[in-house]
$ cat input03.txt   # compact mmCIF, C-alpha atoms and all ligand atoms
# COMPACT_ATOMS: atom_id res chain seq x y z
CA MET A 21 16.72 18.63 72.77
CA GLU A 22 17.21 16.34 69.78
CA SER A 23 19.87 18.54 68.17
CA ARG A 24 21.98 18.44 71.35
CA SER A 25 21.49 14.79 72.28
CA VAL A 26 22.38 13.62 68.79
CA ARG A 27 25.90 14.88 69.45
CA THR A 28 26.72 12.51 72.26
CA VAL A 29 28.99 9.55 71.58
CA ARG A 30 26.05 7.24 72.29
CA ARG A 31 23.77 8.85 69.70
CA VAL A 32 26.50 9.15 67.07
CA VAL A 33 27.39 5.48 67.53
CA GLU A 34 23.77 4.33 67.39
CA ARG A 35 22.95 6.30 64.27
CA ALA A 36 26.12 5.33 62.44
CA ALA A 37 25.75 1.66 63.38
CA ALA A 38 22.22 1.70 61.98
CA VAL A 39 23.57 3.10 58.70
CA LEU A 40 26.16 0.34 58.39
CA ARG A 41 23.67 -2.33 59.47
CA ARG A 42 21.31 -1.26 56.70
CA ARG A 43 24.20 -1.69 54.28
CA GLY A 44 24.60 -5.27 55.54
CA LEU A 45 27.90 -4.89 57.38
CA PRO A 46 28.18 -7.75 59.83
CA GLU A 47 30.10 -5.90 62.60
CA ALA A 48 28.44 -2.49 62.28
CA ARG A 49 28.67 -1.40 65.92
CA LEU A 50 32.23 -2.59 66.41
CA ASP A 51 33.35 -0.82 63.23
CA VAL A 52 31.67 2.41 64.33
CA GLU A 53 33.20 2.32 67.81
CA VAL A 54 36.67 1.72 66.39
CA LEU A 55 36.31 4.53 63.84
CA LEU A 56 34.88 7.07 66.28
CA GLY A 57 37.52 6.15 68.87
CA PHE A 58 40.16 6.73 66.18
CA VAL A 59 38.74 10.16 65.31
CA LEU A 60 38.57 11.21 68.96
CA GLY A 61 41.96 9.71 69.80
CA VAL A 62 40.63 7.40 72.53
CA SER A 63 40.47 3.64 72.91
CA ARG A 64 37.24 1.78 72.17
CA ALA A 65 36.92 0.93 75.86
CA SER A 66 37.08 4.54 77.05
CA LEU A 67 34.79 5.64 74.24
CA VAL A 68 32.13 3.21 75.39
CA ALA A 69 32.73 4.03 79.06
CA ARG A 70 32.11 7.76 78.46
CA ASP A 71 29.39 7.64 75.84
CA ASP A 72 27.63 10.66 77.36
CA LEU A 73 30.41 12.99 76.12
CA GLU A 74 29.76 15.29 73.20
CA VAL A 75 31.37 14.84 69.81
CA ASP A 76 32.45 18.23 68.46
CA ALA A 77 31.44 19.38 64.98
CA ARG A 78 34.87 18.88 63.41
CA SER A 79 35.19 15.32 64.70
CA ARG A 80 31.66 14.58 63.50
CA ALA A 81 32.62 15.74 60.01
CA VAL A 82 35.80 13.63 59.93
CA PHE A 83 33.87 10.65 61.26
CA ALA A 84 31.15 11.09 58.63
CA GLY A 85 33.80 10.83 55.90
CA LEU A 86 35.17 7.61 57.36
CA LEU A 87 31.68 6.19 57.78
CA ARG A 88 30.90 6.81 54.10
CA ARG A 89 34.04 4.95 53.09
CA ARG A 90 33.32 2.10 55.48
CA ALA A 91 29.81 1.84 53.99
CA ARG A 92 31.59 1.25 50.66
CA ARG A 93 33.44 -1.61 52.37
CA VAL A 94 36.86 0.00 52.69
CA PRO A 95 38.51 -2.14 55.40
CA VAL A 96 38.56 -0.53 58.85
CA ALA A 97 42.32 -1.23 58.96
CA TYR A 98 42.88 1.06 55.96
CA LEU A 99 40.68 3.79 57.44
CA ILE A 100 42.62 3.88 60.71
CA GLY A 101 45.97 2.89 59.15
CA ARG A 102 46.68 -0.02 61.47
CA ARG A 103 45.84 -3.60 62.28
CA GLU A 104 46.68 -5.86 65.21
CA PHE A 105 48.60 -9.02 64.39
CA PHE A 106 49.94 -11.39 67.03
CA GLY A 107 49.23 -8.75 69.68
CA ARG A 108 51.06 -5.91 67.94
CA ALA A 109 49.87 -3.02 65.80
CA PHE A 110 51.14 -2.92 62.21
CA ARG A 111 50.84 0.00 59.82
CA VAL A 112 48.66 -0.96 56.87
CA ASP A 113 47.38 0.89 53.84
CA PRO A 114 46.01 -0.08 50.42
CA ARG A 115 49.51 -1.05 49.23
CA VAL A 116 49.32 -4.24 51.33
CA LEU A 117 46.92 -7.02 52.28
CA VAL A 118 45.29 -6.51 55.67
CA PRO A 119 46.81 -9.12 58.04
CA ARG A 120 44.29 -11.83 58.94
CA PRO A 121 44.00 -13.80 62.18
CA ASP A 122 44.29 -17.03 60.13
CA THR A 123 47.90 -16.14 59.46
CA GLU A 124 48.69 -16.25 63.19
CA THR A 125 48.46 -20.05 62.85
CA LEU A 126 51.39 -19.93 60.43
CA VAL A 127 53.37 -17.77 62.89
CA GLU A 128 52.60 -20.12 65.79
CA ARG A 129 53.82 -23.15 63.88
CA ALA A 130 56.92 -21.30 62.70
CA LEU A 131 57.73 -20.34 66.31
CA LEU A 132 57.29 -23.92 67.44
CA TRP A 133 59.85 -25.00 64.87
CA ILE A 134 62.20 -22.09 65.63
CA ARG A 135 62.13 -22.71 69.39
CA ALA A 136 63.14 -26.35 68.92
CA ARG A 137 66.35 -25.27 67.17
CA SER A 138 69.51 -23.83 68.62
CA GLY A 139 71.69 -21.00 67.35
CA PRO A 140 70.98 -18.21 64.88
CA LEU A 141 68.31 -18.74 62.24
CA ARG A 142 67.89 -17.30 58.79
CA VAL A 143 64.26 -16.93 57.77
CA LEU A 144 62.92 -16.04 54.33
CA ASP A 145 59.44 -14.46 54.22
CA VAL A 146 58.07 -14.61 50.67
CA GLY A 147 55.36 -12.07 49.76
CA THR A 148 55.82 -10.19 53.00
CA GLY A 149 53.23 -7.43 52.40
CA SER A 150 53.03 -5.38 55.61
CA GLY A 151 55.88 -7.50 56.97
CA CYS A 152 53.71 -8.87 59.76
CA ILE A 153 54.98 -12.47 59.56
CA GLY A 154 58.72 -11.84 59.33
CA ILE A 155 58.70 -8.93 61.78
CA THR A 156 56.71 -10.97 64.31
CA LEU A 157 59.16 -13.87 64.06
CA ALA A 158 62.10 -11.49 64.54
CA LEU A 159 60.42 -9.89 67.56
CA GLU A 160 59.41 -13.20 69.12
CA ASP A 161 62.90 -14.70 68.83
CA PRO A 162 66.06 -12.57 68.89
CA ARG A 163 68.01 -15.31 67.06
CA VAL A 164 65.96 -14.73 63.90
CA THR A 165 67.30 -12.74 60.98
CA CYS A 166 64.73 -12.31 58.25
CA VAL A 167 65.00 -11.56 54.56
CA ALA A 168 61.55 -10.50 53.37
CA ILE A 169 60.74 -10.29 49.69
CA ASP A 170 57.73 -8.98 47.82
CA ALA A 171 57.09 -8.45 44.12
CA SER A 172 55.56 -5.08 45.01
CA ALA A 173 57.99 -2.24 45.79
CA ASP A 174 55.08 -0.44 47.45
CA ALA A 175 54.55 -3.35 49.84
CA VAL A 176 58.28 -3.43 50.63
CA ALA A 177 58.12 0.26 51.60
CA CYS A 178 55.27 -0.55 54.00
CA ALA A 179 57.13 -3.55 55.46
CA ARG A 180 60.23 -1.40 56.03
CA SER A 181 58.21 1.22 57.85
CA ASN A 182 56.81 -1.47 60.15
CA ALA A 183 60.31 -2.81 60.80
CA GLU A 184 61.31 0.73 61.79
CA VAL A 185 58.31 1.14 64.08
CA TRP A 186 59.20 -2.13 65.80
CA ASP A 187 62.94 -1.40 65.75
CA VAL A 188 64.01 -4.61 64.02
CA GLY A 189 65.46 -2.98 60.91
CA ASP A 190 68.85 -4.63 61.60
CA ARG A 191 67.29 -8.13 61.47
CA PHE A 192 64.62 -7.55 58.83
CA ASP A 193 65.91 -6.96 55.33
CA ALA A 194 63.03 -6.24 52.90
CA ARG A 195 63.69 -6.45 49.16
CA ALA A 196 61.47 -5.79 46.15
CA VAL A 197 61.81 -8.98 44.12
CA ALA A 198 59.51 -11.80 43.02
CA VAL A 199 60.28 -15.29 44.31
CA GLU A 200 60.99 -16.43 40.73
CA SER A 201 63.93 -13.98 40.42
CA PHE A 202 65.21 -14.04 44.00
CA GLU A 203 68.92 -14.86 44.41
CA PRO A 204 69.18 -16.41 47.87
CA GLY A 205 72.91 -16.13 48.60
CA ASP A 206 73.35 -17.94 51.93
CA PRO A 207 70.78 -20.69 52.51
CA PHE A 208 67.78 -20.25 54.79
CA ASP A 209 66.73 -22.42 57.73
CA LEU A 210 63.05 -21.60 57.36
CA ILE A 211 60.87 -20.28 54.54
CA VAL A 212 57.46 -18.83 55.43
CA SER A 213 54.85 -17.43 53.08
CA ASN A 214 51.29 -16.24 52.92
CA PRO A 215 51.20 -16.12 49.13
CA PRO A 216 48.38 -14.89 46.89
CA TYR A 217 46.11 -17.93 46.70
CA VAL A 218 42.66 -16.63 45.84
CA GLU A 219 41.39 -18.41 42.73
CA PRO A 220 40.04 -16.29 39.83
CA ASP A 221 36.31 -17.00 40.26
CA GLU A 222 36.40 -17.46 44.04
CA PRO A 223 33.80 -15.45 46.00
CA CYS A 224 35.46 -13.05 48.47
CA ASP A 225 34.41 -10.54 51.12
CA PRO A 226 33.54 -7.16 49.55
CA GLU A 227 36.48 -5.66 51.47
CA THR A 228 38.95 -7.52 49.25
CA ALA A 229 37.94 -5.27 46.33
CA HIS A 230 40.01 -2.57 48.09
CA GLU A 231 43.07 -4.79 48.62
CA PRO A 232 45.91 -5.26 46.10
CA ASP A 233 45.09 -7.88 43.50
CA LEU A 234 48.76 -8.88 43.47
CA ALA A 235 48.44 -9.87 47.15
CA LEU A 236 45.22 -11.84 46.63
CA ARG A 237 45.53 -13.45 43.19
CA GLY A 238 49.18 -12.80 42.34
CA ALA A 239 50.91 -12.94 38.99
CA SER A 240 52.20 -16.53 38.90
CA GLY A 241 49.18 -18.03 37.14
CA PRO A 242 46.32 -20.22 38.34
CA PHE A 243 46.52 -22.25 41.55
CA PRO A 244 48.77 -24.03 42.43
CA ALA A 245 51.37 -22.18 40.32
CA ILE A 246 52.48 -19.94 43.18
CA TYR A 247 53.18 -22.99 45.36
CA ASP A 248 55.25 -24.57 42.57
CA ALA A 249 57.21 -21.30 42.39
CA LEU A 250 57.73 -21.42 46.16
CA LEU A 251 59.00 -25.00 45.96
CA THR A 252 61.36 -24.09 43.10
CA GLY A 253 62.59 -21.22 45.27
CA ALA A 254 63.00 -23.57 48.24
CA ARG A 255 65.13 -25.92 46.16
CA ARG A 256 67.60 -23.06 45.72
CA ALA A 257 67.22 -21.28 49.04
CA LEU A 258 66.49 -23.86 51.76
CA ARG A 259 69.23 -25.38 53.88
CA ARG A 260 69.34 -29.14 54.45
CA GLY A 261 67.41 -29.77 57.65
CA GLY A 262 65.26 -26.72 57.03
CA ALA A 263 61.51 -26.24 56.87
CA MET A 264 58.93 -24.44 54.76
CA MET A 265 55.51 -23.30 55.98
CA VAL A 266 52.90 -21.77 53.70
CA GLU A 267 49.38 -20.53 54.17
CA VAL A 268 46.78 -22.02 51.83
CA GLY A 269 43.19 -21.19 50.93
CA SER A 270 40.26 -23.22 52.18
CA GLY A 271 40.19 -26.53 50.27
CA GLN A 272 43.73 -26.17 48.88
CA ALA A 273 45.68 -28.12 51.53
CA ASP A 274 45.58 -31.56 49.84
CA VAL A 275 46.89 -30.29 46.50
CA VAL A 276 49.65 -28.26 48.16
CA MET A 277 50.63 -31.14 50.46
CA SER A 278 51.01 -33.47 47.50
CA ARG A 279 53.14 -30.84 45.72
CA PHE A 280 55.33 -30.66 48.85
CA GLU A 281 55.62 -34.47 48.95
CA ARG A 282 56.44 -34.75 45.25
CA SER A 283 59.21 -32.15 45.60
CA ARG A 284 61.17 -34.60 47.79
CA LEU A 285 62.54 -31.59 49.69
CA PHE A 286 61.00 -32.74 52.97
CA SER A 287 61.01 -35.88 55.07
CA ARG A 288 57.66 -34.96 56.63
CA VAL A 289 54.69 -32.99 55.30
CA GLU A 290 51.69 -32.06 57.41
CA CYS A 291 49.07 -29.37 57.78
CA ALA A 292 47.75 -27.24 60.63
CA VAL A 293 44.21 -25.96 61.12
CA ASP A 294 43.36 -22.34 61.91
CA LEU A 295 40.98 -21.11 64.61
CA ALA A 296 38.02 -21.64 62.28
CA GLY A 297 39.00 -25.29 61.77
CA VAL A 298 40.21 -24.72 58.19
CA ARG A 299 43.35 -26.64 57.09
CA ARG A 300 45.30 -23.45 56.66
CA VAL A 301 49.04 -24.10 56.84
CA VAL A 302 51.07 -26.67 54.93
CA ILE A 303 54.34 -27.57 56.62
CA GLY A 304 57.30 -29.37 55.11
CA VAL A 305 60.15 -30.35 57.39
CA ASP A 306 63.43 -31.86 56.29
CA ALA A 307 64.58 -33.92 59.25
CA SER A 308 67.36 -35.62 57.31
CA ASP A 309 69.93 -33.91 59.54
CA GLY A 310 68.34 -35.44 62.64
CA HIS A 311 66.90 -32.14 63.88
CA ASP A 312 63.23 -33.08 63.96
CA ARG A 313 61.98 -32.09 67.41
CA THR A 314 59.13 -30.05 66.14
CA ARG A 315 55.98 -32.11 66.14
CA ALA A 316 53.05 -30.12 67.41
CA PRO A 317 51.71 -31.27 70.79
N1 LIG B 1 42.93 -14.87 53.35
C1 LIG B 1 42.68 -13.94 52.30
C2 LIG B 1 41.23 -14.01 51.88
O1 LIG B 1 40.55 -14.93 52.23
C3 LIG B 1 43.57 -14.22 51.12
C4 LIG B 1 44.98 -14.04 51.45
C5 LIG B 1 45.90 -14.56 50.41
O2 LIG B 1 45.59 -14.68 49.22
N2 LIG B 1 47.03 -14.92 50.84
O3 LIG B 1 40.74 -13.14 51.20
$ encode --input "input03.txt" --output "structure tokens" --more "lines below"
Ligand code: GLN
Amino acid sequence: MESRSVRTVRRVVERAAAVLRRRGLPEARLDVEVLLGFVLGVSRASLVARDDLEVDARSRAVFAGLLRRRARRVPVAYLIGRREFFGRAFRVDPRVLVPRPDTETLVERALLWIRARSGPLRVLDVGTGSGCIGITLALEDPRVTCVAIDASADAVACARSNAEVWDVGDRFDARAVAVESFEPGDPFDLIVSNPPYVEPDEPCDPETAHEPDLALRGASGPFPAIYDALLTGARRALRRGGAMMVEVGSGQADVVMSRFERSRLFSRVECAVDLAGVRRVVIGVDASDGHDRTRAP
């Protein structure tokens, strides 16, 4: 009977995926499986493995609500309240940017630099958002102590809750302050940042309409103002022999690299490409203390 068969996982997934496909969503089926798995409290794998099971009326109603919001391009991460980054789940909500896989390139390069050093390391994460960069660095290397700042107090609350979830609250100190007003105190060995770099008229995925404008476009002024603010901050906060690594938008690497070079803060400036082949991370290393063992293989 149609009315019965429509209630199986398989039928619910097929129908919902068709709805999203008609709306032009590129990963319709994946989105639907993640959302239905979330509603039913099962992993995507077990959902697909048992797609003959029935979806009860209450779950169907909850799922329908999520599907409507997904059709309006609300990011899946906001709908389920989490996003994987560097193999770990982070809490996310509309107060923070959804972590992107591109940013894992920044983390990888930071870890390369960290692992070539000895002793404790002070890291400053500027514009921490969900906290995914600083918390990951603290979890990947127990020598890391991170101060994480964000101009948004809402984002700081989210970052703190992630630090609690991952039990690194004692090495992850999140503060609501813009880089321009940050008082560093003790100097930092490493500064990392995925700052707001989207340019005013730049075309973006429809999902970004649901993300905080402060995290995408910021408040420092047109590109490359935020990078100048980061370099001014580095002049005050970075230790001699330290490094700074920042994510940049597609096509921005050359301008940011020349800003890094002109600052004279670093003895070497380079960039790293992300998985899509985009020059995504600009890296400045001050090897004037003879500590440069960090070239990428
Ligand atoms: N990578 C994001 C995007 O393309 C932007 C993130 C940022 O501004 N730091 O929309």
$ residues_around --input "input03.txt" --residues "Arg35 (chain A)" --least-positions-apart "4" --cutoff "10 Å" --atoms "only C-alpha atoms" --output "ChimeraX atom specification"
/A:26,30-31,39-41,49,52
$ write_last_selection --input "input03.txt" --atoms "C-alpha atoms" --output "PDB file, in the coordinates of the input"
ATOM      1  CA  VAL A  26      22.380  13.620  68.790  1.00  0.00           C
ATOM      2  CA  ARG A  30      26.050   7.240  72.290  1.00  0.00           C
ATOM      3  CA  ARG A  31      23.770   8.850  69.700  1.00  0.00           C
ATOM      4  CA  VAL A  39      23.570   3.100  58.700  1.00  0.00           C
ATOM      5  CA  LEU A  40      26.160   0.340  58.390  1.00  0.00           C
ATOM      6  CA  ARG A  41      23.670  -2.330  59.470  1.00  0.00           C
ATOM      7  CA  ARG A  49      28.670  -1.400  65.920  1.00  0.00           C
ATOM      8  CA  VAL A  52      31.670   2.410  64.330  1.00  0.00           C
TER       9      VAL A  52
END
$ closest_atom_pairs --input "input03.txt" --of "region 78-156 of chain A" --to "region 207-223 of chain A" --cutoff "7 Å" --atoms "all atoms listed in the file" --output "Markdown table"
| residue | atom | partner | partner_atom | distance |
| --- | --- | --- | --- | --- |
| A:Leu141 | CA | A:Asp209 | CA | 6.0 |
| A:Arg142 | CA | A:Phe208 | CA | 5.0 |
| A:Val143 | CA | A:Leu210 | CA | 4.8 |
| A:Leu144 | CA | A:Ile211 | CA | 4.7 |
| A:Asp145 | CA | A:Val212 | CA | 4.9 |
| A:Val146 | CA | A:Ser213 | CA | 4.9 |
| A:Gly147 | CA | A:Pro215 | CA | 5.8 |
$ closest_residue --input "input03.txt" --among "A:Ser270, A:Asn182, A:Ser240, A:Thr156" --to "ligand LIG 1 (chain B)" --atoms "all atoms listed in the file"
A:Ser270
$ atom_distance --input "input03.txt" --atom1 "CA of Ala168 (chain A)" --atom2 "CA of Arg284 (chain A)"
24.7 Å
$ closest_atom_pairs --input "input03.txt" --of "chain A" --to "ligand LIG 1 (chain B)" --cutoff "10 Å" --atoms "only C-alpha atoms and all ligand atoms" --output "CSV"
residue,atom,partner,partner_atom,distance
A:Leu117,CA,B:LIG1,C4,7.3
A:Val118,CA,B:LIG1,C1,8.6
A:Pro119,CA,B:LIG1,N1,8.4
A:Arg120,CA,B:LIG1,N1,6.5
A:Pro121,CA,B:LIG1,N1,9.0
A:Asp122,CA,B:LIG1,N1,7.2
A:Thr123,CA,B:LIG1,N1,8.0
A:Gly147,CA,B:LIG1,N2,8.9
A:Gly149,CA,B:LIG1,N2,9.8
A:Ser213,CA,B:LIG1,N2,8.5
A:Asn214,CA,B:LIG1,N2,4.9
A:Pro215,CA,B:LIG1,N2,4.7
A:Pro216,CA,B:LIG1,O2,3.6
A:Tyr217,CA,B:LIG1,O2,4.1
A:Val218,CA,B:LIG1,O2,4.9
A:Glu219,CA,B:LIG1,O2,8.6
A:Glu222,CA,B:LIG1,O3,9.4
A:Pro223,CA,B:LIG1,O3,9.0
A:Cys224,CA,B:LIG1,O3,5.9
A:Asp225,CA,B:LIG1,O3,6.8
A:Pro226,CA,B:LIG1,O3,9.5
A:Glu227,CA,B:LIG1,O3,8.6
A:Thr228,CA,B:LIG1,O3,6.2
A:Ala229,CA,B:LIG1,O3,9.7
A:Glu231,CA,B:LIG1,O3,9.0
A:Pro232,CA,B:LIG1,O2,9.9
A:Asp233,CA,B:LIG1,O2,8.9
A:Leu234,CA,B:LIG1,O2,8.8
A:Ala235,CA,B:LIG1,O2,6.0
A:Leu236,CA,B:LIG1,O2,3.9
A:Arg237,CA,B:LIG1,O2,6.2
A:Gly238,CA,B:LIG1,O2,8.0
A:Val266,CA,B:LIG1,N2,9.5
A:Glu267,CA,B:LIG1,N2,6.9
A:Val268,CA,B:LIG1,N2,7.2
A:Gly269,CA,B:LIG1,N1,6.8
A:Ser270,CA,B:LIG1,O1,8.3
A:Arg300,CA,B:LIG1,N1,9.5
$ closest_residue --input "input03.txt" --among "A:Ala254, A:Phe106, A:Ala263, A:Arg299" --to "Glu203 (chain A)" --atoms "all atoms listed in the file"
A:Ala254
$ build_atoms --input "input03.txt" --residues "region 240-250 of chain A" --atoms "all heavy atoms" --output "compact mmCIF listing (two decimals), in the coordinates of the input"
# COMPACT_ATOMS: atom_id res chain seq x y z
N SER A 240 51.51 -15.30 39.29
CA SER A 240 52.20 -16.53 38.90
C SER A 240 51.36 -17.43 38.01
O SER A 240 51.86 -18.40 37.47
CB SER A 240 52.62 -17.33 40.14
OG SER A 240 53.42 -16.57 40.96
N GLY A 241 50.06 -17.15 37.90
CA GLY A 241 49.18 -18.03 37.14
C GLY A 241 48.25 -18.76 38.08
O GLY A 241 48.32 -18.57 39.29
N PRO A 242 47.35 -19.59 37.51
CA PRO A 242 46.32 -20.22 38.34
C PRO A 242 46.89 -21.17 39.40
O PRO A 242 47.96 -21.75 39.21
CB PRO A 242 45.44 -20.97 37.33
CG PRO A 242 46.15 -20.94 36.04
CD PRO A 242 47.23 -19.92 36.10
N PHE A 243 46.17 -21.30 40.50
CA PHE A 243 46.52 -22.25 41.55
C PHE A 243 46.80 -23.62 40.94
O PHE A 243 46.05 -24.03 40.06
CB PHE A 243 45.34 -22.35 42.54
CG PHE A 243 45.52 -23.39 43.60
CD1 PHE A 243 46.27 -23.13 44.72
CD2 PHE A 243 44.94 -24.66 43.47
CE1 PHE A 243 46.45 -24.10 45.70
CE2 PHE A 243 45.12 -25.63 44.45
CZ PHE A 243 45.88 -25.35 45.56
N PRO A 244 47.84 -24.34 41.33
CA PRO A 244 48.77 -24.03 42.43
C PRO A 244 50.11 -23.47 41.95
O PRO A 244 51.13 -23.71 42.59
CB PRO A 244 48.97 -25.40 43.07
CG PRO A 244 48.94 -26.35 41.90
CD PRO A 244 48.03 -25.75 40.86
N ALA A 245 50.10 -22.66 40.88
CA ALA A 245 51.37 -22.18 40.32
C ALA A 245 52.26 -21.48 41.35
O ALA A 245 53.47 -21.69 41.37
CB ALA A 245 51.09 -21.24 39.14
N ILE A 246 51.65 -20.67 42.22
CA ILE A 246 52.48 -19.94 43.18
C ILE A 246 53.20 -20.91 44.13
O ILE A 246 54.34 -20.67 44.53
CB ILE A 246 51.65 -18.88 43.97
CG1 ILE A 246 52.55 -18.07 44.92
CG2 ILE A 246 50.51 -19.47 44.76
CD1 ILE A 246 53.63 -17.26 44.28
N TYR A 247 52.54 -22.02 44.46
CA TYR A 247 53.18 -22.99 45.36
C TYR A 247 54.32 -23.73 44.64
O TYR A 247 55.32 -24.07 45.25
CB TYR A 247 52.13 -23.96 45.94
CG TYR A 247 51.16 -23.20 46.83
CD1 TYR A 247 49.93 -22.76 46.36
CD2 TYR A 247 51.53 -22.85 48.13
CE1 TYR A 247 49.08 -22.02 47.15
CE2 TYR A 247 50.69 -22.10 48.94
CZ TYR A 247 49.46 -21.68 48.44
OH TYR A 247 48.63 -20.93 49.23
N ASP A 248 54.15 -23.98 43.34
CA ASP A 248 55.25 -24.57 42.57
C ASP A 248 56.43 -23.60 42.54
O ASP A 248 57.59 -24.01 42.67
CB ASP A 248 54.79 -24.91 41.15
CG ASP A 248 53.80 -26.08 41.15
OD1 ASP A 248 53.88 -26.91 42.09
OD2 ASP A 248 52.97 -26.16 40.23
N ALA A 249 56.13 -22.30 42.38
CA ALA A 249 57.21 -21.30 42.39
C ALA A 249 57.91 -21.26 43.74
O ALA A 249 59.13 -21.14 43.82
CB ALA A 249 56.65 -19.92 42.04
N LEU A 250 57.13 -21.40 44.82
CA LEU A 250 57.73 -21.42 46.16
C LEU A 250 58.63 -22.64 46.34
O LEU A 250 59.71 -22.56 46.92
CB LEU A 250 56.62 -21.42 47.23
CG LEU A 250 55.94 -20.07 47.48
CD1 LEU A 250 54.63 -20.25 48.22
CD2 LEU A 250 56.87 -19.15 48.27
